[in-house]
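Following: one structure in structure tokens, then a few remarks.
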Amino acid sequence: MTYSNAQTLKASHQPSSTDAIAPINAEAAWDDVPASLKNTALLPALFISHGAPTLALEQSATTSALARIGQNLPKPRAIVIMSAHWQSSKLEINNNPQPKTWHDFSGFSSELYDVQYPVSGQPALAETLAQQLTTRGISCSVNPVRACDHGVWAPLIHLYPEADIPIVQISLPQHYDSVACYQLGALLAHLREEQILIIGSGSVTHNLRAIRWQSDSIDQAAKTFKQWLLQQLKTDIPAALDWQQYPNYKDIHPSDEHLLPLFFALGTGQRVSVIHQSMAHHSLGMDIYRFD
């Protein structure tokens, strides 16, 4: 699959590789597909700014918003999630049937290391997606040992606290840019019709050098960036994909891995709505967006 840049993206915002190929679906992952799915409204896709790992222990406006989403959406059959914290040399899909809760950080309170999110994987779904992506010429493999990093469990512990929805995590290849992530999302968009919730987990702003822990102050540069980006998402998707046109963008995202999952979610549905907006620790944008 050859990825174009944002300037040459088709006006329809859909990758040309899907034009003559049946959409990717999850039907082969289950022994039966309930007829009721055919009459169920599409699930949206979500972009969740997961902030610091301490999100898992917090009770805040952000965690309240996550809880409301979980209560208000129809219950998904599975979750397909891309986290900023799984970067890989090529696309990988986690088919671990019982992924452990990985405390992939250091320097936090002991209470945080006791948190467990005992969710199950869905190996058949992971393998189905890997096979269909491979058929489309995308270098892809399954990973049977990957654990859930905090980009997965820290927000999901509020979204679905019962840990009763199976998860398939997709890696973020190191060579993917915003357009590649967008096109991958577009390839998986059909899953929304099968009651699979697609999530990108990262941060709308993410400069760790600018963090002021527990501060109520707001980094105005970060706030201005996220306002600009949201406007592009609403009015000019190619401009949003070309986000590095933003002046001094490295002051907001010194590296791009926390923003790229947003474009993965965007690829599955181009109509954006804001579920939650806030800042934490001075510079971390905690926005949650919905894509339909």
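Following the order of the structure tokens, chains are lettered A, B, ..., residues in each are numbered from 1, and ligands are numbered from 1.
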Between stretch 229-290 of chain A and stretch 195-216 of chain A, at 6 Å or less, what are the per-residue closest atom pairs and their distances in Å? Count only C-alpha atoms, order by chain and rising residue number, and return it as JSON lines.
```
{"residue": "A:Ile252", "atom": "CA", "partner": "A:Asn207", "partner_atom": "CA", "distance": 5.4}
{"residue": "A:His253", "atom": "CA", "partner": "A:His206", "partner_atom": "CA", "distance": 5.3}
{"residue": "A:His258", "atom": "CA", "partner": "A:Gly202", "partner_atom": "CA", "distance": 4.3}
{"residue": "A:Leu259", "atom": "CA", "partner": "A:Val204", "partner_atom": "CA", "distance": 5.8}
{"residue": "A:Pro261", "atom": "CA", "partner": "A:Gly200", "partner_atom": "CA", "distance": 4.4}
{"residue": "A:Leu262", "atom": "CA", "partner": "A:Gly200", "partner_atom": "CA", "distance": 5.5}
{"residue": "A:Ala265", "atom": "CA", "partner": "A:Gly200", "partner_atom": "CA", "distance": 5.4}
{"residue": "A:His281", "atom": "CA", "partner": "A:Trp213", "partner_atom": "CA", "distance": 4.7}
{"residue": "A:His282", "atom": "CA", "partner": "A:Arg212", "partner_atom": "CA", "distance": 5.5}
{"residue": "A:Ser283", "atom": "CA", "partner": "A:Ile211", "partner_atom": "CA", "distance": 5.4}
{"residue": "A:Leu284", "atom": "CA", "partner": "A:Thr205", "partner_atom": "CA", "distance": 5.5}
{"residue": "A:Gly285", "atom": "CA", "partner": "A:Thr205", "partner_atom": "CA", "distance": 5.0}
```
Take the residues from that selection and put them in a file with all heavy atoms, as a CSV table (one decimal), in the first residue's frame.
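Generated file (result_8.csv):
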```
chain,number,residue,atom,x,y,z
A,252,ILE,N,4.5,21.6,21.0
A,252,ILE,CA,3.2,21.0,21.4
A,252,ILE,C,3.4,19.5,21.4
A,252,ILE,O,3.0,18.7,22.3
A,252,ILE,CB,2.0,21.4,20.6
A,252,ILE,CG1,2.0,22.9,20.4
A,252,ILE,CG2,0.7,20.9,21.2
A,252,ILE,CD1,1.9,23.7,21.7
A,253,HIS,N,4.0,19.0,20.3
A,253,HIS,CA,4.3,17.6,20.1
A,253,HIS,C,5.7,17.4,19.7
A,253,HIS,O,6.0,17.3,18.5
A,253,HIS,CB,3.3,17.0,19.1
A,253,HIS,CG,1.9,16.7,19.6
A,253,HIS,ND1,1.6,15.6,20.3
A,253,HIS,CD2,0.8,17.5,19.4
A,253,HIS,CE1,0.3,15.7,20.6
A,253,HIS,NE2,-0.2,16.8,20.0
A,258,HIS,N,1.8,10.5,20.1
A,258,HIS,CA,0.5,10.7,20.9
A,258,HIS,C,-0.6,11.4,20.1
A,258,HIS,O,-1.8,11.2,20.5
A,258,HIS,CB,0.8,11.5,22.2
A,258,HIS,CG,1.2,10.6,23.3
A,258,HIS,ND1,2.5,10.1,23.4
A,258,HIS,CD2,0.5,10.2,24.4
A,258,HIS,CE1,2.5,9.3,24.5
A,258,HIS,NE2,1.4,9.4,25.1
A,259,LEU,N,-0.3,12.0,19.0
A,259,LEU,CA,-1.3,12.6,18.2
A,259,LEU,C,-1.8,11.6,17.1
A,259,LEU,O,-3.0,11.7,16.7
A,259,LEU,CB,-0.8,13.9,17.5
A,259,LEU,CG,-1.9,14.7,16.8
A,259,LEU,CD1,-3.0,15.2,17.8
A,259,LEU,CD2,-1.2,16.0,16.2
A,261,PRO,N,-2.8,8.5,16.9
A,261,PRO,CA,-4.0,7.7,17.1
A,261,PRO,C,-5.3,8.5,16.8
A,261,PRO,O,-6.3,7.9,16.5
A,261,PRO,CB,-3.9,7.2,18.5
A,261,PRO,CG,-2.5,7.2,18.8
A,261,PRO,CD,-1.9,8.4,18.1
A,262,LEU,N,-5.2,9.8,16.9
A,262,LEU,CA,-6.4,10.6,16.5
A,262,LEU,C,-6.7,10.4,15.1
A,262,LEU,O,-7.9,10.3,14.7
A,262,LEU,CB,-6.1,12.1,16.8
A,262,LEU,CG,-7.3,13.1,16.5
A,262,LEU,CD1,-7.1,14.3,17.4
A,262,LEU,CD2,-7.3,13.6,15.1
A,265,ALA,N,-8.5,7.1,14.4
A,265,ALA,CA,-10.0,7.2,14.6
A,265,ALA,C,-10.7,8.0,13.6
A,265,ALA,O,-11.8,7.7,13.1
A,265,ALA,CB,-10.2,7.8,16.0
A,281,HIS,N,-2.4,19.1,34.3
A,281,HIS,CA,-0.9,19.2,34.6
A,281,HIS,C,-0.3,20.3,33.7
A,281,HIS,O,0.8,20.1,33.2
A,281,HIS,CB,-0.2,17.9,34.4
A,281,HIS,CG,-0.8,16.7,35.1
A,281,HIS,ND1,-1.0,16.7,36.5
A,281,HIS,CD2,-1.4,15.6,34.7
A,281,HIS,CE1,-1.6,15.6,36.9
A,281,HIS,NE2,-1.9,14.9,35.8
A,282,HIS,N,-1.1,21.4,33.5
A,282,HIS,CA,-0.7,22.5,32.7
A,282,HIS,C,-0.7,22.3,31.2
A,282,HIS,O,-1.3,23.2,30.5
A,282,HIS,CB,0.7,23.0,33.2
A,282,HIS,CG,1.2,24.3,32.5
A,282,HIS,ND1,0.6,25.5,32.7
A,282,HIS,CD2,2.2,24.5,31.6
A,282,HIS,CE1,1.3,26.4,31.9
A,282,HIS,NE2,2.2,25.8,31.3
A,283,SER,N,-0.1,21.3,30.7
A,283,SER,CA,0.2,21.2,29.3
A,283,SER,C,-0.5,20.0,28.6
A,283,SER,O,-0.4,19.9,27.3
A,283,SER,CB,1.7,21.2,29.0
A,283,SER,OG,2.2,20.0,29.5
A,284,LEU,N,-1.1,19.1,29.3
A,284,LEU,CA,-1.7,17.9,28.7
A,284,LEU,C,-3.2,18.2,28.3
A,284,LEU,O,-4.0,18.3,29.2
A,284,LEU,CB,-1.6,16.7,29.6
A,284,LEU,CG,-0.2,16.2,29.9
A,284,LEU,CD1,-0.3,15.0,30.8
A,284,LEU,CD2,0.5,15.8,28.6
A,285,GLY,N,-3.5,18.2,27.0
A,285,GLY,CA,-4.9,18.3,26.6
A,285,GLY,C,-5.5,17.0,26.8
A,285,GLY,O,-5.0,15.9,26.5
```
Taking 3 positions as the minimum chain separation for residues in the same chain, which residues sit within 12 Å of A:Gln245 when counting only C-alpha atoms? Answer as a list in words. Ala6, Gln7, Phe225, Trp228, Leu229, Gln232, Pro238, Ala239, Ala240, Leu241, Asp242, Asn248, Tyr249 and Lys250 of chain A
Would you save the residues of that selection, restricted to N, CA, C and O atoms, as a short mmCIF file (atom, residue, chain, number, x, y, z; two decimals), in the first residue's frame?
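This went into out29.cif:
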```cif
data_model
loop_
_atom_site.label_atom_id
_atom_site.label_comp_id
_atom_site.auth_asym_id
_atom_site.auth_seq_id
_atom_site.Cartn_x
_atom_site.Cartn_y
_atom_site.Cartn_z
N ALA A 6 -0.80 14.49 2.76
CA ALA A 6 -2.08 15.15 2.97
C ALA A 6 -2.50 15.98 1.78
O ALA A 6 -3.68 16.10 1.46
N GLN A 7 -1.54 16.58 1.07
CA GLN A 7 -1.88 17.46 -0.03
C GLN A 7 -2.51 16.69 -1.20
O GLN A 7 -3.27 17.26 -1.97
N PHE A 225 -3.22 25.41 20.15
CA PHE A 225 -3.02 24.36 19.15
C PHE A 225 -4.23 23.46 19.05
O PHE A 225 -4.70 23.15 17.95
N TRP A 228 -7.02 25.08 17.23
CA TRP A 228 -6.74 25.13 15.79
C TRP A 228 -7.00 23.77 15.15
O TRP A 228 -7.64 23.66 14.10
N LEU A 229 -6.50 22.71 15.79
CA LEU A 229 -6.63 21.38 15.22
C LEU A 229 -8.10 20.97 15.12
O LEU A 229 -8.54 20.41 14.11
N GLN A 232 -9.73 22.48 12.16
CA GLN A 232 -9.36 21.80 10.91
C GLN A 232 -10.11 20.48 10.78
O GLN A 232 -10.56 20.12 9.68
N PRO A 238 -7.85 17.49 5.08
CA PRO A 238 -6.47 17.48 4.59
C PRO A 238 -5.56 18.43 5.36
O PRO A 238 -4.39 18.11 5.60
N ALA A 239 -6.08 19.59 5.78
CA ALA A 239 -5.27 20.52 6.58
C ALA A 239 -4.96 19.92 7.95
O ALA A 239 -3.86 20.10 8.49
N ALA A 240 -5.93 19.23 8.53
CA ALA A 240 -5.68 18.57 9.82
C ALA A 240 -4.61 17.51 9.69
O ALA A 240 -3.72 17.38 10.55
N LEU A 241 -4.67 16.73 8.61
CA LEU A 241 -3.66 15.70 8.38
C LEU A 241 -2.27 16.30 8.18
O LEU A 241 -1.26 15.68 8.51
N ASP A 242 -2.24 17.51 7.68
CA ASP A 242 -0.98 18.23 7.49
C ASP A 242 -0.69 19.09 8.72
O ASP A 242 -0.25 20.23 8.61
N ASN A 248 5.72 26.12 15.00
CA ASN A 248 6.32 25.64 16.26
C ASN A 248 5.58 24.42 16.82
O ASN A 248 5.44 24.28 18.04
N TYR A 249 5.12 23.54 15.94
CA TYR A 249 4.37 22.38 16.40
C TYR A 249 5.16 21.51 17.36
O TYR A 249 4.58 20.82 18.21
N LYS A 250 6.47 21.53 17.26
CA LYS A 250 7.28 20.69 18.16
C LYS A 250 7.23 21.18 19.61
O LYS A 250 7.62 20.46 20.53
#
```
Distance query A:Trp30 at most 10 Å, only C-alpha atoms, self and fewer than 2 positions along chain excluded, as a count of residues only: 10
A straight line from atom CA of A:Thr135 to atom CA of A:Gly267 spans 19.6 Å
As number ranges by chain, list the residues of stretch 101-233 of chain A assigned to alpha helix (DSSP H) by DSSP on the backbone atoms of this structure. A: 110-113, 123-135, 150-159, 178-187, 220-233
Give me, as an mmCIF file with N, CA, C and O atoms, in the first residue's frame, all polymer residues having an atom no more than 10 Å from stretch 81-87 of chain A, counting only C-alpha atoms and skipping those fewer than 2 positions away in the same chain.
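Result written to result-v5.cif:
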```cif
data_model
loop_
_atom_site.group_PDB
_atom_site.id
_atom_site.type_symbol
_atom_site.label_atom_id
_atom_site.label_comp_id
_atom_site.auth_asym_id
_atom_site.auth_seq_id
_atom_site.Cartn_x
_atom_site.Cartn_y
_atom_site.Cartn_z
ATOM 1 N N ALA A 45 -16.426 6.015 16.393
ATOM 2 C CA ALA A 45 -15.040 5.806 16.825
ATOM 3 C C ALA A 45 -14.724 6.914 17.823
ATOM 4 O O ALA A 45 -15.367 7.968 17.829
ATOM 5 N N LEU A 46 -13.730 6.667 18.663
ATOM 6 C CA LEU A 46 -13.351 7.640 19.693
ATOM 7 C C LEU A 46 -11.865 7.943 19.617
ATOM 8 O O LEU A 46 -11.061 7.057 19.320
ATOM 9 N N PHE A 47 -11.526 9.198 19.898
ATOM 10 C CA PHE A 47 -10.149 9.530 20.239
ATOM 11 C C PHE A 47 -10.158 9.970 21.693
ATOM 12 O O PHE A 47 -10.899 10.881 22.080
ATOM 13 N N ILE A 48 -9.339 9.313 22.501
ATOM 14 C CA ILE A 48 -9.263 9.593 23.932
ATOM 15 C C ILE A 48 -7.878 10.103 24.273
ATOM 16 O O ILE A 48 -6.875 9.432 24.003
ATOM 17 N N HIS A 50 -5.439 10.259 26.958
ATOM 18 C CA HIS A 50 -5.371 9.499 28.210
ATOM 19 C C HIS A 50 -4.497 10.147 29.286
ATOM 20 O O HIS A 50 -4.466 9.675 30.426
ATOM 21 N N ALA A 78 -16.641 -5.924 20.787
ATOM 22 C CA ALA A 78 -15.192 -5.913 20.989
ATOM 23 C C ALA A 78 -14.711 -4.480 20.816
ATOM 24 O O ALA A 78 -15.439 -3.614 20.311
ATOM 25 N N ILE A 79 -13.484 -4.242 21.235
ATOM 26 C CA ILE A 79 -12.828 -2.946 21.062
ATOM 27 C C ILE A 79 -11.555 -3.170 20.268
ATOM 28 O O ILE A 79 -10.769 -4.074 20.580
ATOM 29 N N SER A 89 8.060 -1.772 14.472
ATOM 30 C CA SER A 89 8.706 -1.586 13.177
ATOM 31 C C SER A 89 7.742 -1.832 12.022
ATOM 32 O O SER A 89 7.894 -1.257 10.945
ATOM 33 N N LYS A 90 6.748 -2.688 12.235
ATOM 34 C CA LYS A 90 5.694 -2.887 11.250
ATOM 35 C C LYS A 90 4.382 -3.067 11.995
ATOM 36 O O LYS A 90 4.360 -3.161 13.230
ATOM 37 N N LEU A 91 3.291 -3.091 11.267
ATOM 38 C CA LEU A 91 1.982 -3.205 11.890
ATOM 39 C C LEU A 91 1.827 -4.563 12.574
ATOM 40 O O LEU A 91 2.051 -5.601 11.961
ATOM 41 N N GLU A 92 1.462 -4.525 13.854
ATOM 42 C CA GLU A 92 1.207 -5.738 14.615
ATOM 43 C C GLU A 92 -0.176 -5.654 15.251
ATOM 44 O O GLU A 92 -0.661 -4.564 15.573
ATOM 45 N N ILE A 93 -0.783 -6.805 15.437
ATOM 46 C CA ILE A 93 -2.096 -6.889 16.072
ATOM 47 C C ILE A 93 -2.005 -7.893 17.208
ATOM 48 O O ILE A 93 -1.532 -9.019 17.019
ATOM 49 N N ASP A 104 3.687 0.250 32.460
ATOM 50 C CA ASP A 104 4.809 0.637 31.597
ATOM 51 C C ASP A 104 5.264 2.060 31.886
ATOM 52 O O ASP A 104 5.275 2.924 31.009
ATOM 53 N N ARG A 146 1.831 -9.716 23.689
ATOM 54 C CA ARG A 146 1.739 -8.312 24.054
ATOM 55 C C ARG A 146 0.788 -8.117 25.239
ATOM 56 O O ARG A 146 -0.305 -8.689 25.299
ATOM 57 N N ALA A 147 1.204 -7.308 26.215
ATOM 58 C CA ALA A 147 0.367 -6.913 27.338
ATOM 59 C C ALA A 147 -0.337 -5.600 27.009
ATOM 60 O O ALA A 147 -0.019 -4.925 26.026
ATOM 61 N N CYS A 148 -1.299 -5.207 27.835
ATOM 62 C CA CYS A 148 -2.009 -3.938 27.666
ATOM 63 C C CYS A 148 -1.212 -2.828 28.333
ATOM 64 O O CYS A 148 -1.020 -2.834 29.563
ATOM 65 N N ASP A 149 -0.764 -1.851 27.568
ATOM 66 C CA ASP A 149 -0.065 -0.699 28.149
ATOM 67 C C ASP A 149 -1.080 0.272 28.732
ATOM 68 O O ASP A 149 -2.292 0.133 28.548
ATOM 69 N N HIS A 150 -0.581 1.303 29.437
ATOM 70 C CA HIS A 150 -1.507 2.188 30.145
ATOM 71 C C HIS A 150 -2.338 3.053 29.210
ATOM 72 O O HIS A 150 -3.375 3.589 29.612
ATOM 73 N N GLY A 151 -1.914 3.192 27.949
ATOM 74 C CA GLY A 151 -2.744 3.882 26.981
ATOM 75 C C GLY A 151 -4.042 3.138 26.696
ATOM 76 O O GLY A 151 -5.007 3.723 26.201
ATOM 77 N N VAL A 152 -4.062 1.850 27.028
ATOM 78 C CA VAL A 152 -5.268 1.033 26.899
ATOM 79 C C VAL A 152 -6.046 1.022 28.213
ATOM 80 O O VAL A 152 -7.202 1.423 28.285
ATOM 81 N N ILE A 167 -10.633 -7.028 23.920
ATOM 82 C CA ILE A 167 -9.829 -5.971 23.306
ATOM 83 C C ILE A 167 -8.866 -6.569 22.292
ATOM 84 O O ILE A 167 -8.229 -7.598 22.545
ATOM 85 N N VAL A 168 -8.760 -5.886 21.164
ATOM 86 C CA VAL A 168 -7.707 -6.175 20.187
ATOM 87 C C VAL A 168 -6.917 -4.883 20.009
ATOM 88 O O VAL A 168 -7.456 -3.883 19.538
ATOM 89 N N GLN A 169 -5.655 -4.903 20.410
ATOM 90 C CA GLN A 169 -4.815 -3.711 20.273
ATOM 91 C C GLN A 169 -4.013 -3.781 18.983
ATOM 92 O O GLN A 169 -3.465 -4.824 18.620
ATOM 93 N N ILE A 170 -3.968 -2.644 18.299
ATOM 94 C CA ILE A 170 -3.211 -2.502 17.062
ATOM 95 C C ILE A 170 -2.018 -1.594 17.328
ATOM 96 O O ILE A 170 -2.153 -0.557 17.992
ATOM 97 N N SER A 171 -0.867 -1.956 16.836
ATOM 98 C CA SER A 171 0.335 -1.158 17.073
ATOM 99 C C SER A 171 0.354 0.093 16.203
ATOM 100 O O SER A 171 -0.417 0.237 15.241
ATOM 101 N N LEU A 172 1.252 0.983 16.550
ATOM 102 C CA LEU A 172 1.507 2.196 15.761
ATOM 103 C C LEU A 172 2.880 2.036 15.114
ATOM 104 O O LEU A 172 3.907 2.197 15.769
ATOM 105 N N PRO A 173 2.927 1.677 13.829
ATOM 106 C CA PRO A 173 4.224 1.510 13.176
ATOM 107 C C PRO A 173 5.022 2.813 13.172
ATOM 108 O O PRO A 173 4.465 3.899 12.964
ATOM 109 N N GLN A 174 6.313 2.701 13.410
ATOM 110 C CA GLN A 174 7.157 3.887 13.554
ATOM 111 C C GLN A 174 7.242 4.717 12.287
ATOM 112 O O GLN A 174 7.512 5.908 12.345
ATOM 113 N N HIS A 175 6.987 4.098 11.133
ATOM 114 C CA HIS A 175 7.078 4.843 9.882
ATOM 115 C C HIS A 175 5.743 5.428 9.434
ATOM 116 O O HIS A 175 5.671 6.085 8.404
ATOM 117 N N TYR A 176 4.672 5.200 10.195
ATOM 118 C CA TYR A 176 3.368 5.745 9.824
ATOM 119 C C TYR A 176 3.305 7.227 10.165
ATOM 120 O O TYR A 176 3.748 7.658 11.242
ATOM 121 N N CYS A 181 -2.036 6.552 9.157
ATOM 122 C CA CYS A 181 -2.953 6.174 10.242
ATOM 123 C C CYS A 181 -4.395 6.384 9.819
ATOM 124 O O CYS A 181 -5.276 5.560 10.101
ATOM 125 N N GLY A 185 -7.314 3.509 9.458
ATOM 126 C CA GLY A 185 -8.635 3.634 10.060
ATOM 127 C C GLY A 185 -9.740 3.451 9.039
ATOM 128 O O GLY A 185 -10.755 2.788 9.303
ATOM 129 N N LEU A 197 -16.133 -1.224 18.660
ATOM 130 C CA LEU A 197 -15.768 0.143 19.002
ATOM 131 C C LEU A 197 -14.301 0.366 18.660
ATOM 132 O O LEU A 197 -13.422 -0.360 19.143
ATOM 133 N N ILE A 198 -14.031 1.363 17.838
ATOM 134 C CA ILE A 198 -12.670 1.691 17.441
ATOM 135 C C ILE A 198 -12.206 2.902 18.236
ATOM 136 O O ILE A 198 -12.900 3.921 18.315
ATOM 137 N N ILE A 199 -11.030 2.797 18.833
ATOM 138 C CA ILE A 199 -10.496 3.853 19.697
ATOM 139 C C ILE A 199 -9.063 4.167 19.312
ATOM 140 O O ILE A 199 -8.248 3.266 19.103
ATOM 141 N N GLY A 200 -8.749 5.443 19.245
ATOM 142 C CA GLY A 200 -7.372 5.908 19.223
ATOM 143 C C GLY A 200 -7.081 6.524 20.578
ATOM 144 O O GLY A 200 -7.833 7.374 21.058
ATOM 145 N N SER A 201 -6.016 6.091 21.227
ATOM 146 C CA SER A 201 -5.667 6.571 22.568
ATOM 147 C C SER A 201 -4.317 7.255 22.536
ATOM 148 O O SER A 201 -3.295 6.636 22.236
ATOM 149 N N GLY A 202 -4.310 8.552 22.828
ATOM 150 C CA GLY A 202 -3.073 9.321 22.807
ATOM 151 C C GLY A 202 -3.234 10.580 23.620
ATOM 152 O O GLY A 202 -3.655 10.530 24.778
ATOM 153 N N SER A 203 -2.927 11.718 23.006
ATOM 154 C CA SER A 203 -3.113 13.006 23.689
ATOM 155 C C SER A 203 -3.129 14.102 22.644
ATOM 156 O O SER A 203 -2.259 14.138 21.766
ATOM 157 N N ASP A 256 5.535 12.602 17.510
ATOM 158 C CA ASP A 256 4.159 12.581 17.006
ATOM 159 C C ASP A 256 3.306 11.422 17.479
ATOM 160 O O ASP A 256 2.121 11.358 17.170
ATOM 161 N N GLU A 257 3.862 10.492 18.281
ATOM 162 C CA GLU A 257 3.145 9.245 18.541
ATOM 163 C C GLU A 257 1.848 9.444 19.328
ATOM 164 O O GLU A 257 0.910 8.644 19.212
ATOM 165 N N HIS A 258 1.751 10.518 20.135
ATOM 166 C CA HIS A 258 0.520 10.704 20.906
ATOM 167 C C HIS A 258 -0.604 11.352 20.100
ATOM 168 O O HIS A 258 -1.773 11.241 20.492
ATOM 169 N N LEU A 259 -0.280 11.988 19.005
ATOM 170 C CA LEU A 259 -1.321 12.587 18.169
ATOM 171 C C LEU A 259 -1.797 11.629 17.079
ATOM 172 O O LEU A 259 -2.961 11.680 16.671
ATOM 173 N N LEU A 260 -0.949 10.749 16.603
ATOM 174 C CA LEU A 260 -1.294 9.908 15.457
ATOM 175 C C LEU A 260 -2.524 9.021 15.685
ATOM 176 O O LEU A 260 -3.294 8.796 14.732
ATOM 177 N N PRO A 261 -2.778 8.495 16.893
ATOM 178 C CA PRO A 261 -4.007 7.701 17.052
ATOM 179 C C PRO A 261 -5.285 8.486 16.778
ATOM 180 O O PRO A 261 -6.317 7.891 16.451
ATOM 181 N N LEU A 262 -5.229 9.808 16.886
ATOM 182 C CA LEU A 262 -6.392 10.617 16.518
ATOM 183 C C LEU A 262 -6.748 10.411 15.056
ATOM 184 O O LEU A 262 -7.921 10.262 14.690
ATOM 185 N N PHE A 264 -6.056 7.845 13.191
ATOM 186 C CA PHE A 264 -6.578 6.489 13.044
ATOM 187 C C PHE A 264 -8.081 6.481 13.279
ATOM 188 O O PHE A 264 -8.851 5.926 12.488
ATOM 189 N N ALA A 265 -8.523 7.132 14.358
ATOM 190 C CA ALA A 265 -9.960 7.210 14.644
ATOM 191 C C ALA A 265 -10.681 8.023 13.575
ATOM 192 O O ALA A 265 -11.777 7.662 13.141
#
```
